[in-house]
$ cat data.txt   # compact mmCIF, C-alpha atoms
# COMPACT_ATOMS: atom_id res chain seq x y z
CA MET A 1 31.99 -6.73 -5.41
CA PHE A 2 28.80 -4.64 -5.68
CA PRO A 3 25.52 -6.53 -6.31
CA THR A 4 25.25 -5.38 -9.94
CA LYS A 5 28.89 -6.35 -10.58
CA LYS A 6 28.13 -9.74 -9.08
CA VAL A 7 25.30 -10.18 -11.61
CA GLN A 8 27.57 -9.03 -14.47
CA SER A 9 30.03 -11.74 -13.45
CA MET A 10 27.32 -14.32 -14.20
CA ILE A 11 27.07 -13.38 -17.93
CA GLY A 12 27.42 -16.51 -20.04
CA SER A 13 26.34 -18.76 -17.16
CA ARG A 14 22.91 -20.04 -16.23
CA VAL A 15 20.96 -18.19 -13.54
CA GLN A 16 17.68 -18.64 -11.71
CA VAL A 17 15.49 -15.57 -11.31
CA GLU A 18 12.50 -15.21 -9.02
CA MET A 19 10.02 -12.66 -10.39
CA LYS A 20 6.98 -10.84 -9.01
CA GLY A 21 3.63 -11.76 -10.56
CA ASP A 22 2.33 -15.13 -11.65
CA VAL A 23 5.61 -16.29 -13.17
CA HIS A 24 7.41 -18.49 -10.65
CA ILE A 25 11.09 -19.05 -11.33
CA LEU A 26 12.88 -18.48 -14.64
CA GLU A 27 16.14 -20.23 -15.47
CA GLY A 28 18.24 -19.25 -18.48
CA GLU A 29 21.66 -18.28 -19.75
CA LEU A 30 22.40 -14.67 -18.82
CA GLU A 31 23.11 -12.83 -22.08
CA SER A 32 23.20 -9.26 -20.72
CA VAL A 33 22.34 -7.06 -17.74
CA ASP A 34 22.20 -3.28 -17.25
CA ASP A 35 22.40 -0.97 -14.23
CA TYR A 36 18.68 -1.46 -13.45
CA LEU A 37 19.18 -5.23 -13.38
CA ASN A 38 17.07 -5.59 -16.54
CA LEU A 39 18.12 -9.02 -17.81
CA HIS A 40 18.24 -10.72 -21.20
CA LEU A 41 18.10 -14.50 -20.83
CA LEU A 42 18.53 -17.18 -23.54
CA ASP A 43 17.12 -20.74 -23.55
CA THR A 44 14.81 -19.73 -20.72
CA VAL A 45 12.54 -22.19 -18.95
CA GLU A 46 9.90 -21.51 -16.32
CA ILE A 47 10.16 -23.74 -13.25
CA ALA A 48 7.61 -24.42 -10.51
CA ASN A 49 8.07 -26.85 -7.64
CA GLY A 50 11.30 -28.06 -9.25
CA GLU A 51 9.64 -29.02 -12.58
CA ARG A 52 9.95 -27.35 -15.99
CA LEU A 53 6.62 -25.73 -16.85
CA ARG A 54 7.28 -23.85 -20.08
CA SER A 55 10.12 -23.27 -22.49
CA LEU A 56 10.29 -19.51 -23.23
CA GLY A 57 13.48 -19.09 -25.29
CA SER A 58 14.81 -15.51 -25.46
CA VAL A 59 13.28 -13.34 -22.71
CA VAL A 60 13.81 -9.78 -21.44
CA LEU A 61 13.04 -9.30 -17.72
CA ARG A 62 12.25 -5.89 -16.19
CA GLY A 63 14.70 -5.31 -13.34
CA ASN A 64 12.33 -3.76 -10.80
CA ASN A 65 10.16 -6.89 -10.85
CA ILE A 66 13.03 -9.21 -10.02
CA ILE A 67 13.01 -10.49 -6.46
CA LEU A 68 16.32 -12.34 -6.51
CA ILE A 69 18.98 -13.81 -8.80
CA ILE A 70 20.87 -17.03 -8.04
CA PRO A 71 23.75 -18.51 -10.07
CA VAL A 72 23.08 -22.13 -11.12
CA GLU A 73 26.00 -24.36 -10.27
CA MET B 1 23.27 -6.51 -26.64
CA PHE B 2 21.81 -4.77 -23.56
CA PRO B 3 18.25 -5.77 -22.52
CA THR B 4 16.70 -2.48 -23.72
CA LYS B 5 18.54 -2.76 -27.07
CA LYS B 6 17.21 -6.29 -27.38
CA VAL B 7 13.66 -4.93 -26.98
CA GLN B 8 14.34 -2.15 -29.52
CA SER B 9 15.42 -4.84 -31.98
CA MET B 10 11.87 -6.26 -31.75
CA ILE B 11 10.20 -3.07 -33.13
CA GLY B 12 7.92 -3.98 -36.01
CA SER B 13 7.58 -7.58 -34.80
CA ARG B 14 4.99 -9.18 -32.55
CA VAL B 15 5.83 -9.59 -28.88
CA GLN B 16 4.19 -11.16 -25.84
CA VAL B 17 4.25 -9.14 -22.63
CA GLU B 18 3.44 -10.42 -19.16
CA MET B 19 2.12 -7.61 -16.93
CA LYS B 20 1.48 -7.20 -13.23
CA GLY B 21 -2.15 -6.85 -12.16
CA ASP B 22 -5.22 -8.62 -13.49
CA VAL B 23 -4.18 -8.46 -17.14
CA HIS B 24 -2.61 -11.77 -18.10
CA ILE B 25 -0.56 -11.72 -21.29
CA LEU B 26 -0.70 -9.10 -24.02
CA GLU B 27 0.42 -9.82 -27.56
CA GLY B 28 0.83 -7.09 -30.14
CA GLU B 29 3.09 -5.50 -32.72
CA LEU B 30 5.77 -3.44 -31.01
CA GLU B 31 5.47 0.11 -32.33
CA SER B 32 7.87 1.85 -29.95
CA VAL B 33 9.81 1.49 -26.70
CA ASP B 34 11.71 3.98 -24.51
CA ASP B 35 14.47 3.66 -21.91
CA TYR B 36 11.97 2.77 -19.16
CA LEU B 37 10.61 -0.08 -21.28
CA ASN B 38 7.31 1.76 -21.69
CA LEU B 39 5.82 0.07 -24.76
CA HIS B 40 3.39 1.08 -27.48
CA LEU B 41 1.71 -1.98 -29.01
CA LEU B 42 -0.61 -2.16 -32.05
CA ASP B 43 -3.28 -4.79 -32.80
CA THR B 44 -3.02 -5.94 -29.20
CA VAL B 45 -4.89 -8.96 -27.88
CA GLU B 46 -5.12 -10.22 -24.31
CA ILE B 47 -4.39 -13.91 -23.93
CA ALA B 48 -5.14 -16.28 -21.04
CA ASN B 49 -4.43 -20.00 -21.01
CA GLY B 50 -3.50 -19.82 -24.69
CA GLU B 51 -6.85 -18.30 -25.77
CA ARG B 52 -7.62 -14.78 -27.01
CA LEU B 53 -9.73 -13.00 -24.38
CA ARG B 54 -10.05 -9.44 -25.65
CA SER B 55 -8.97 -7.39 -28.62
CA LEU B 56 -7.49 -4.11 -27.32
CA GLY B 57 -6.04 -2.41 -30.42
CA SER B 58 -3.51 0.36 -29.71
CA VAL B 59 -2.20 0.12 -26.11
CA VAL B 60 0.48 1.93 -24.09
CA LEU B 61 2.06 -0.21 -21.33
CA ARG B 62 3.87 1.30 -18.31
CA GLY B 63 7.38 -0.16 -18.19
CA ASN B 64 7.69 -0.73 -14.45
CA ASN B 65 4.65 -3.01 -14.48
CA ILE B 66 6.07 -5.29 -17.15
CA ILE B 67 7.32 -8.64 -15.85
CA LEU B 68 8.82 -9.96 -19.07
CA ILE B 69 8.88 -9.51 -22.85
CA ILE B 70 9.15 -12.41 -25.30
CA PRO B 71 9.49 -12.15 -29.10
CA VAL B 72 6.77 -14.14 -30.95
CA GLU B 73 8.30 -16.35 -33.60
CA MET C 1 6.17 7.86 -31.84
CA PHE C 2 7.49 7.08 -28.32
CA PRO C 3 5.00 5.64 -25.79
CA THR C 4 4.77 8.89 -23.78
CA LYS C 5 4.25 10.92 -26.98
CA LYS C 6 1.49 8.50 -27.92
CA VAL C 7 -0.23 9.24 -24.59
CA GLN C 8 0.24 13.00 -25.07
CA SER C 9 -1.51 12.66 -28.42
CA MET C 10 -4.60 11.44 -26.55
CA ILE C 11 -5.04 14.72 -24.59
CA GLY C 12 -8.60 15.98 -24.99
CA SER C 13 -9.87 12.49 -25.85
CA ARG C 14 -11.32 9.80 -23.64
CA VAL C 15 -9.01 7.02 -22.45
CA GLN C 16 -9.36 3.82 -20.46
CA VAL C 17 -6.74 3.17 -17.80
CA GLU C 18 -6.12 -0.11 -15.99
CA MET C 19 -4.62 0.48 -12.54
CA LYS C 20 -2.98 -1.69 -9.91
CA GLY C 21 -4.88 -2.17 -6.66
CA ASP C 22 -8.61 -2.60 -6.10
CA VAL C 23 -9.66 -0.03 -8.69
CA HIS C 24 -10.54 -1.85 -11.91
CA ILE C 25 -10.70 0.34 -15.00
CA LEU C 26 -11.01 4.12 -15.08
CA GLU C 27 -12.36 5.96 -18.10
CA GLY C 28 -12.11 9.71 -18.45
CA GLU C 29 -11.09 12.63 -20.62
CA LEU C 30 -7.31 13.00 -20.57
CA GLU C 31 -6.58 16.53 -19.35
CA SER C 32 -2.81 16.24 -18.89
CA VAL C 33 0.10 13.80 -18.66
CA ASP C 34 3.74 14.19 -17.60
CA ASP C 35 6.94 12.23 -18.27
CA TYR C 36 6.14 9.72 -15.50
CA LEU C 37 2.74 9.02 -17.09
CA ASN C 38 1.00 10.64 -14.13
CA LEU C 39 -2.43 11.44 -15.56
CA HIS C 40 -5.13 14.01 -14.84
CA LEU C 41 -8.54 12.76 -15.98
CA LEU C 42 -11.86 14.64 -16.10
CA ASP C 43 -15.39 13.18 -15.94
CA THR C 44 -13.88 9.92 -14.73
CA VAL C 45 -15.97 6.80 -14.19
CA GLU C 46 -14.87 3.48 -12.73
CA ILE C 47 -15.84 0.47 -14.83
CA ALA C 48 -15.98 -3.22 -13.88
CA ASN C 49 -17.17 -6.00 -16.18
CA GLY C 50 -18.32 -3.41 -18.70
CA GLU C 51 -20.59 -1.56 -16.22
CA ARG C 52 -20.15 1.88 -14.64
CA LEU C 53 -19.52 1.43 -10.92
CA ARG C 54 -18.75 4.94 -9.67
CA SER C 55 -18.54 8.45 -11.01
CA LEU C 56 -15.30 10.02 -9.73
CA GLY C 57 -15.06 13.35 -11.59
CA SER C 58 -11.58 14.94 -11.61
CA VAL C 59 -8.90 12.37 -10.71
CA VAL C 60 -5.09 12.36 -10.61
CA LEU C 61 -3.51 8.93 -11.26
CA ARG C 62 0.04 8.03 -10.16
CA GLY C 63 1.97 6.87 -13.22
CA ASN C 64 3.87 3.96 -11.71
CA ASN C 65 0.59 2.28 -10.73
CA ILE C 66 -0.81 2.37 -14.25
CA ILE C 67 -0.79 -0.99 -16.04
CA LEU C 68 -1.98 0.20 -19.45
CA ILE C 69 -3.69 3.06 -21.29
CA ILE C 70 -6.08 2.54 -24.19
CA PRO C 71 -7.68 5.28 -26.34
CA VAL C 72 -11.51 5.04 -26.40
CA GLU C 73 -12.81 5.17 -29.96
CA MET D 1 23.58 7.38 10.61
CA PHE D 2 21.47 7.33 7.41
CA PRO D 3 19.53 4.12 6.65
CA THR D 4 21.85 3.08 3.79
CA LYS D 5 24.93 3.73 5.97
CA LYS D 6 23.34 1.58 8.66
CA VAL D 7 23.04 -1.28 6.14
CA GLN D 8 26.66 -0.75 4.99
CA SER D 9 27.72 -1.13 8.62
CA MET D 10 26.29 -4.67 8.54
CA ILE D 11 28.69 -5.88 5.79
CA GLY D 12 30.40 -9.06 6.94
CA SER D 13 27.62 -9.85 9.42
CA ARG D 14 24.50 -11.95 9.02
CA VAL D 15 21.24 -10.16 8.21
CA GLN D 16 17.61 -11.14 7.80
CA VAL D 17 15.76 -9.67 4.83
CA GLU D 18 12.02 -9.68 4.29
CA MET D 19 11.17 -9.58 0.56
CA LYS D 20 8.03 -8.98 -1.47
CA GLY D 21 6.67 -11.94 -3.42
CA ASP D 22 6.49 -15.59 -2.41
CA VAL D 23 9.90 -15.67 -0.75
CA HIS D 24 9.47 -15.23 2.98
CA ILE D 25 12.60 -14.30 4.88
CA LEU D 26 16.17 -14.65 3.66
CA GLU D 27 19.11 -14.85 6.05
CA GLY D 28 22.69 -14.59 4.88
CA GLU D 29 26.05 -12.91 5.31
CA LEU D 30 25.95 -9.43 3.79
CA GLU D 31 28.72 -9.31 1.17
CA SER D 32 27.84 -5.96 -0.45
CA VAL D 33 25.16 -3.29 -0.77
CA ASP D 34 24.72 -0.31 -3.11
CA ASP D 35 22.77 2.96 -2.94
CA TYR D 36 19.55 1.26 -4.10
CA LEU D 37 19.86 -1.28 -1.29
CA ASN D 38 20.52 -4.05 -3.82
CA LEU D 39 22.16 -6.73 -1.67
CA HIS D 40 24.59 -9.57 -2.28
CA LEU D 41 24.24 -12.28 0.37
CA LEU D 42 26.42 -15.36 0.94
CA ASP D 43 25.39 -18.67 2.59
CA THR D 44 21.77 -17.62 2.24
CA VAL D 45 18.91 -19.65 3.66
CA GLU D 46 15.19 -19.09 3.25
CA ILE D 47 13.24 -19.13 6.50
CA ALA D 48 9.50 -19.51 7.13
CA ASN D 49 7.86 -19.71 10.53
CA GLY D 50 11.28 -19.90 12.15
CA GLU D 51 12.39 -22.97 10.14
CA ARG D 52 14.98 -23.25 7.36
CA LEU D 53 13.19 -24.00 4.10
CA ARG D 54 15.90 -23.86 1.46
CA SER D 55 19.62 -23.27 1.24
CA LEU D 56 20.26 -20.76 -1.58
CA GLY D 57 23.98 -19.97 -1.32
CA SER D 58 25.06 -16.78 -3.11
CA VAL D 59 22.05 -14.55 -3.89
CA VAL D 60 21.56 -11.05 -5.31
CA LEU D 61 18.43 -9.25 -4.04
CA ARG D 62 16.81 -6.34 -5.92
CA GLY D 63 16.60 -3.38 -3.52
CA ASN D 64 13.14 -2.11 -4.42
CA ASN D 65 11.60 -5.46 -3.48
CA ILE D 66 13.09 -5.46 0.00
CA ILE D 67 10.60 -4.69 2.76
CA LEU D 68 13.03 -4.56 5.68
CA ILE D 69 16.53 -5.53 6.80
CA ILE D 70 17.36 -6.69 10.33
CA PRO D 71 20.84 -7.44 11.72
CA VAL D 72 21.09 -10.94 13.23
CA GLU D 73 22.60 -10.85 16.69
CA MET E 1 -2.25 21.96 -15.83
CA PHE E 2 0.16 19.04 -15.23
CA PRO E 3 -0.99 16.27 -12.85
CA THR E 4 1.39 17.33 -10.04
CA LYS E 5 0.29 20.98 -10.41
CA LYS E 6 -3.31 19.80 -10.18
CA VAL E 7 -2.49 18.13 -6.84
CA GLN E 8 -0.66 21.25 -5.61
CA SER E 9 -3.82 23.24 -6.37
CA MET E 10 -5.65 21.09 -3.80
CA ILE E 11 -3.44 22.19 -0.86
CA GLY E 12 -5.63 23.41 2.00
CA SER E 13 -8.60 21.37 0.73
CA ARG E 14 -9.76 17.87 1.61
CA VAL E 15 -8.75 15.03 -0.69
CA GLN E 16 -9.45 11.33 -0.93
CA VAL E 17 -6.47 9.07 -1.64
CA GLU E 18 -6.62 5.44 -2.68
CA MET E 19 -3.47 3.55 -1.60
CA LYS E 20 -1.95 0.19 -2.37
CA GLY E 21 -1.86 -2.35 0.46
CA ASP E 22 -4.47 -3.06 3.12
CA VAL E 23 -5.38 0.58 3.70
CA HIS E 24 -8.51 1.39 1.72
CA ILE E 25 -9.21 5.08 1.22
CA LEU E 26 -7.73 7.94 3.22
CA GLU E 27 -9.41 11.32 3.44
CA GLY E 28 -7.67 14.36 4.90
CA GLU E 29 -6.72 17.99 4.44
CA LEU E 30 -3.80 18.24 2.04
CA GLU E 31 -1.00 20.04 3.90
CA SER E 32 1.82 19.52 1.38
CA VAL E 33 2.91 17.56 -1.69
CA ASP E 34 6.25 17.15 -3.44
CA ASP E 35 7.33 16.15 -6.97
CA TYR E 36 7.02 12.43 -6.15
CA LEU E 37 3.43 12.95 -5.00
CA ASN E 38 4.44 12.18 -1.41
CA LEU E 39 1.60 13.73 0.58
CA HIS E 40 1.20 15.15 4.07
CA LEU E 41 -2.44 14.99 5.23
CA LEU E 42 -4.01 16.45 8.38
CA ASP E 43 -7.15 15.24 10.20
CA THR E 44 -6.93 12.02 8.22
CA VAL E 45 -9.60 9.33 8.43
CA GLU E 46 -9.60 5.88 6.85
CA ILE E 47 -12.76 5.04 4.94
CA ALA E 48 -14.08 1.69 3.75
CA ASN E 49 -17.40 1.14 2.01
CA GLY E 50 -18.36 4.75 2.71
CA GLU E 51 -17.85 4.47 6.50
CA ARG E 52 -15.14 5.96 8.72
CA LEU E 53 -12.95 3.14 10.04
CA ARG E 54 -10.14 4.91 11.87
CA SER E 55 -9.07 8.42 12.73
CA LEU E 56 -5.34 8.75 11.92
CA GLY E 57 -4.59 12.46 12.37
CA SER E 58 -1.36 13.67 10.73
CA VAL E 59 -0.14 11.16 8.11
CA VAL E 60 2.66 11.09 5.51
CA LEU E 61 1.87 8.99 2.42
CA ARG E 62 4.60 7.58 0.11
CA GLY E 63 3.87 8.78 -3.42
CA ASN E 64 4.68 5.61 -5.34
CA ASN E 65 2.04 3.69 -3.36
CA ILE E 66 -0.74 6.12 -4.23
CA ILE E 67 -3.19 4.82 -6.81
CA LEU E 68 -5.27 7.97 -7.26
CA ILE E 69 -6.13 11.32 -5.68
CA ILE E 70 -9.60 12.88 -5.81
CA PRO E 71 -10.59 16.34 -4.54
CA VAL E 72 -13.50 16.19 -2.05
CA GLU E 73 -16.20 18.67 -2.98
CA MET F 1 6.45 21.72 5.41
CA PHE F 2 7.15 19.17 2.66
CA PRO F 3 6.27 15.50 3.38
CA THR F 4 9.92 14.42 3.74
CA LYS F 5 10.62 17.38 6.06
CA LYS F 6 7.60 16.35 8.11
CA VAL F 7 9.14 12.87 8.53
CA GLN F 8 12.54 14.38 9.43
CA SER F 9 10.79 16.35 12.17
CA MET F 10 9.80 13.02 13.75
CA ILE F 11 13.43 11.89 14.34
CA GLY F 12 13.88 10.86 17.96
CA SER F 13 10.14 10.19 18.38
CA ARG F 14 8.16 6.99 17.95
CA VAL F 15 6.37 6.43 14.65
CA GLN F 16 4.04 3.83 13.20
CA VAL F 17 4.77 2.64 9.68
CA GLU F 18 2.45 0.63 7.46
CA MET F 19 4.42 -1.47 4.96
CA LYS F 20 3.56 -3.46 1.85
CA GLY F 21 3.92 -7.24 2.08
CA ASP F 22 3.08 -9.53 4.96
CA VAL F 23 4.40 -7.23 7.66
CA HIS F 24 1.50 -5.31 9.17
CA ILE F 25 2.46 -2.25 11.17
CA LEU F 26 5.87 -1.45 12.61
CA GLU F 27 6.33 0.92 15.52
CA GLY F 28 9.73 2.19 16.56
CA GLU F 29 11.85 5.21 17.41
CA LEU F 30 12.84 7.01 14.22
CA GLU F 31 16.65 7.12 14.16
CA SER F 32 17.15 8.42 10.61
CA VAL F 33 15.43 9.03 7.26
CA ASP F 34 16.75 9.90 3.80
CA ASP F 35 15.24 11.52 0.69
CA TYR F 36 13.73 8.20 -0.46
CA LEU F 37 11.99 7.81 2.90
CA ASN F 38 14.21 4.84 3.74
CA LEU F 39 13.89 4.65 7.53
CA HIS F 40 16.06 3.35 10.35
CA LEU F 41 13.97 2.46 13.41
CA LEU F 42 15.14 1.44 16.90
CA ASP F 43 13.26 -0.68 19.46
CA THR F 44 10.90 -1.76 16.70
CA VAL F 45 7.84 -3.90 17.35
CA GLU F 46 5.44 -5.40 14.83
CA ILE F 47 1.78 -4.76 15.61
CA ALA F 48 -1.34 -6.47 14.27
CA ASN F 49 -4.88 -5.74 15.38
CA GLY F 50 -3.55 -3.51 18.14
CA GLU F 51 -1.36 -6.25 19.67
CA ARG F 52 2.45 -6.60 19.72
CA LEU F 53 3.40 -9.59 17.55
CA ARG F 54 7.20 -9.49 17.44
CA SER F 55 10.03 -7.44 18.84
CA LEU F 56 12.44 -6.64 15.99
CA GLY F 57 14.94 -4.20 17.51
CA SER F 58 16.96 -2.19 14.97
CA VAL F 59 15.34 -2.30 11.52
CA VAL F 60 15.98 -0.60 8.15
CA LEU F 61 12.85 -0.10 6.02
CA ARG F 62 12.98 0.41 2.24
CA GLY F 63 11.17 3.67 1.42
CA ASN F 64 9.30 2.58 -1.69
CA ASN F 65 7.54 -0.17 0.27
CA ILE F 66 6.20 2.21 2.90
CA ILE F 67 2.50 2.95 2.59
CA LEU F 68 2.23 5.59 5.30
CA ILE F 69 3.97 7.02 8.37
CA ILE F 70 2.13 8.25 11.46
CA PRO F 71 3.67 9.97 14.50
CA VAL F 72 2.79 8.19 17.78
CA GLU F 73 1.49 10.64 20.35
$ encode --input "data.txt" --output "structure tokens"
Amino acid sequence: MFPTKKVQSMIGSRVQVEMKGDVHILEGELESVDDYLNLHLLDTVEIANGERLRSLGSVVLRGNNIILIIPVE
Amino acid sequence: MFPTKKVQSMIGSRVQVEMKGDVHILEGELESVDDYLNLHLLDTVEIANGERLRSLGSVVLRGNNIILIIPVE
Amino acid sequence: MFPTKKVQSMIGSRVQVEMKGDVHILEGELESVDDYLNLHLLDTVEIANGERLRSLGSVVLRGNNIILIIPVE
Amino acid sequence: MFPTKKVQSMIGSRVQVEMKGDVHILEGELESVDDYLNLHLLDTVEIANGERLRSLGSVVLRGNNIILIIPVE
Amino acid sequence: MFPTKKVQSMIGSRVQVEMKGDVHILEGELESVDDYLNLHLLDTVEIANGERLRSLGSVVLRGNNIILIIPVE
Amino acid sequence: MFPTKKVQSMIGSRVQVEMKGDVHILEGELESVDDYLNLHLLDTVEIANGERLRSLGSVVLRGNNIILIIPVE
């Protein structure tokens, strides 16, 4: 399964996303993803050192600034 | 709804945008967006730690330097 | 008006450009722009904290390293 | 052998990947790779200074934020 | 004249290039440029604070990591 | 000779590559290169301040994170 297909298979589940920049880790329900790995997350929270920092709700992430995506079990 | 469609649905509303670089968070009315997530914002203000830093007016943002986009409720 | 069209509409006027890297803000007359938002500026000056640091003259800026573009009124 | 073909030849083997951002080095079994060098790793661990920091399991890495890929012997 | 055409017009002349990363400013004779603004420079020197740091000779620069290009008069 | 052709002409020779991120300078024998300047190096060593830090062997480098490439004479 190609990497982008793997991410598509996570739609409807919660994922953790590590971004470039000052944002640490975002966790939310994956609503949609495109070929550039742009993501639309719902019920998103920002996490640092294992603690919830901010509740962000509905968020669109630019794919090229994503470091990695991990399914939350 | 794909991530870019989600952003298009925000046209005419206010959005918050987290950018790479020294700029912190920009909030403005979304005037237009293209497939690269380049954005044109109106009445833009820069925000840091919840406070308005600068009023920037009409601003064009380069899509690949956008970390995330959040609709302002 | 799409973001790139908005930038094209600024040709012949002065613009401020925030770049990635150590360069802070560049202000110059917009001579040309292409689809990647590569810019050619004339009479360019570098600005930090509201003061002119360096006079750079004719400068070509790589689009993907541009954070934002603001028309100077 | 082109660089992307070289990476494809590592499928099924363990690789070390150096990423941009705060993540240091990721080591996992290469499950799949596409033309952009997006990677899907299994049994992934994060490594810093030669020590295992975190166990991450199944991880998708965005290709443009990969610095380098090394096969683990 | 489009930005990339402007850079092509500098072939055979000396240019200064500001790069991302730890390299500060590179100055060399522009031998060639392509559509991505990848550059091949000859007799290249690295400059910091107006002083020559290193002599690098023939250097290929990756276009997307170029901040700006200035013709040397 | 275009920049990418210049790099192709270095195949079979040793090159130094300056990367973004925490890696400093990599030196290795250029095995292959593609249009994105993705590189496959053999017998690669990491160099900092003129000293060999690590021996990395066979390494694939992502083109967009390359700052510059220099032939080793």
$ atom_distance --input "data.txt" --atom1 "CA of Val7 (chain A)" --atom2 "CA of His40 (chain A)"
11.9 Å
$ residues_near_point --input "data.txt" --point "(4.1, 5.8, -8.0)" --cutoff "8 Å" --atoms "all atoms listed in the file" --output "number ranges by chain"
C: 62-65; E: 36-37, 63-67
$ residues_around --input "data.txt" --residues "Leu53 (chain A)" --least-positions-apart "6" --cutoff "12 Å" --atoms "all atoms listed in the file" --output "ChimeraX atom specification"
/A:23-27,44-47
$ interface_residues --input "data.txt" --of "chain C" --to "chain B" --cutoff "7 Å" --atoms "only C-alpha atoms" --output "VMD selection string"
chain C and resid 1 to 3 20 64 66 to 70
$ write_last_selection --input "data.txt" --atoms "C-alpha atoms" --output "mmCIF file, keeping the file's coordinate frame"
data_model
loop_
_atom_site.group_PDB
_atom_site.id
_atom_site.type_symbol
_atom_site.label_atom_id
_atom_site.label_comp_id
_atom_site.auth_asym_id
_atom_site.auth_seq_id
_atom_site.Cartn_x
_atom_site.Cartn_y
_atom_site.Cartn_z
ATOM 1 C CA MET C 1 6.170 7.860 -31.840
ATOM 2 C CA PHE C 2 7.490 7.080 -28.320
ATOM 3 C CA PRO C 3 5.000 5.640 -25.790
ATOM 4 C CA LYS C 20 -2.980 -1.690 -9.910
ATOM 5 C CA ASN C 64 3.870 3.960 -11.710
ATOM 6 C CA ILE C 66 -0.810 2.370 -14.250
ATOM 7 C CA ILE C 67 -0.790 -0.990 -16.040
ATOM 8 C CA LEU C 68 -1.980 0.200 -19.450
ATOM 9 C CA ILE C 69 -3.690 3.060 -21.290
ATOM 10 C CA ILE C 70 -6.080 2.540 -24.190
#
$ calpha_fit_and_write --input "data.txt" --fixed "chain A" --moving "chain F" --output "short mmCIF file (atom, residue, chain, number, x, y, z; two decimals) with C-alpha atoms, in the frame of the given file"
data_model
loop_
_atom_site.label_atom_id
_atom_site.label_comp_id
_atom_site.auth_asym_id
_atom_site.auth_seq_id
_atom_site.Cartn_x
_atom_site.Cartn_y
_atom_site.Cartn_z
CA MET F 1 32.00 -6.74 -5.41
CA PHE F 2 28.82 -4.65 -5.70
CA PRO F 3 25.52 -6.52 -6.31
CA THR F 4 25.24 -5.38 -9.95
CA LYS F 5 28.88 -6.35 -10.58
CA LYS F 6 28.13 -9.75 -9.07
CA VAL F 7 25.30 -10.19 -11.61
CA GLN F 8 27.56 -9.03 -14.47
CA SER F 9 30.03 -11.73 -13.44
CA MET F 10 27.32 -14.31 -14.20
CA ILE F 11 27.07 -13.38 -17.92
CA GLY F 12 27.41 -16.51 -20.05
CA SER F 13 26.32 -18.76 -17.16
CA ARG F 14 22.89 -20.05 -16.22
CA VAL F 15 20.95 -18.19 -13.53
CA GLN F 16 17.67 -18.64 -11.71
CA VAL F 17 15.50 -15.56 -11.32
CA GLU F 18 12.50 -15.21 -9.03
CA MET F 19 10.03 -12.64 -10.38
CA LYS F 20 6.99 -10.84 -9.00
CA GLY F 21 3.63 -11.74 -10.53
CA ASP F 22 2.34 -15.12 -11.62
CA VAL F 23 5.61 -16.28 -13.14
CA HIS F 24 7.42 -18.48 -10.64
CA ILE F 25 11.09 -19.04 -11.35
CA LEU F 26 12.88 -18.50 -14.65
CA GLU F 27 16.14 -20.23 -15.48
CA GLY F 28 18.23 -19.24 -18.47
CA GLU F 29 21.66 -18.28 -19.75
CA LEU F 30 22.41 -14.68 -18.82
CA GLU F 31 23.12 -12.83 -22.07
CA SER F 32 23.20 -9.26 -20.73
CA VAL F 33 22.34 -7.06 -17.73
CA ASP F 34 22.19 -3.29 -17.26
CA ASP F 35 22.39 -0.96 -14.24
CA TYR F 36 18.68 -1.45 -13.46
CA LEU F 37 19.17 -5.22 -13.39
CA ASN F 38 17.07 -5.59 -16.53
CA LEU F 39 18.13 -9.02 -17.80
CA HIS F 40 18.23 -10.72 -21.19
CA LEU F 41 18.10 -14.51 -20.84
CA LEU F 42 18.54 -17.18 -23.53
CA ASP F 43 17.13 -20.73 -23.54
CA THR F 44 14.81 -19.72 -20.72
CA VAL F 45 12.54 -22.20 -18.95
CA GLU F 46 9.91 -21.51 -16.32
CA ILE F 47 10.16 -23.73 -13.26
CA ALA F 48 7.61 -24.43 -10.53
CA ASN F 49 8.08 -26.86 -7.67
CA GLY F 50 11.30 -28.08 -9.24
CA GLU F 51 9.64 -29.00 -12.57
CA ARG F 52 9.96 -27.35 -16.00
CA LEU F 53 6.61 -25.75 -16.87
CA ARG F 54 7.29 -23.86 -20.10
CA SER F 55 10.13 -23.27 -22.50
CA LEU F 56 10.30 -19.52 -23.24
CA GLY F 57 13.49 -19.10 -25.28
CA SER F 58 14.82 -15.52 -25.44
CA VAL F 59 13.28 -13.35 -22.71
CA VAL F 60 13.82 -9.78 -21.43
CA LEU F 61 13.04 -9.31 -17.72
CA ARG F 62 12.25 -5.90 -16.19
CA GLY F 63 14.70 -5.29 -13.33
CA ASN F 64 12.33 -3.75 -10.80
CA ASN F 65 10.16 -6.88 -10.86
CA ILE F 66 13.03 -9.20 -10.02
CA ILE F 67 13.01 -10.49 -6.46
CA LEU F 68 16.33 -12.33 -6.50
CA ILE F 69 18.98 -13.81 -8.80
CA ILE F 70 20.86 -17.02 -8.05
CA PRO F 71 23.74 -18.51 -10.07
CA VAL F 72 23.06 -22.13 -11.13
CA GLU F 73 25.99 -24.37 -10.28
#
$ residues_around --input "data.txt" --residues "Val72 (chain B)" --least-positions-apart "6" --cutoff "8 Å" --atoms "only C-alpha atoms" --output "list in words"
Ser13, Arg14, Val15 and Gln16 of chain B
$ atom_distance --input "data.txt" --atom1 "CA of Gly12 (chain A)" --atom2 "CA of Glu29 (chain A)"
6.0 Å
$ atom_distance --input "data.txt" --atom1 "CA of Leu42 (chain D)" --atom2 "CA of Met10 (chain A)"
15.2 Å
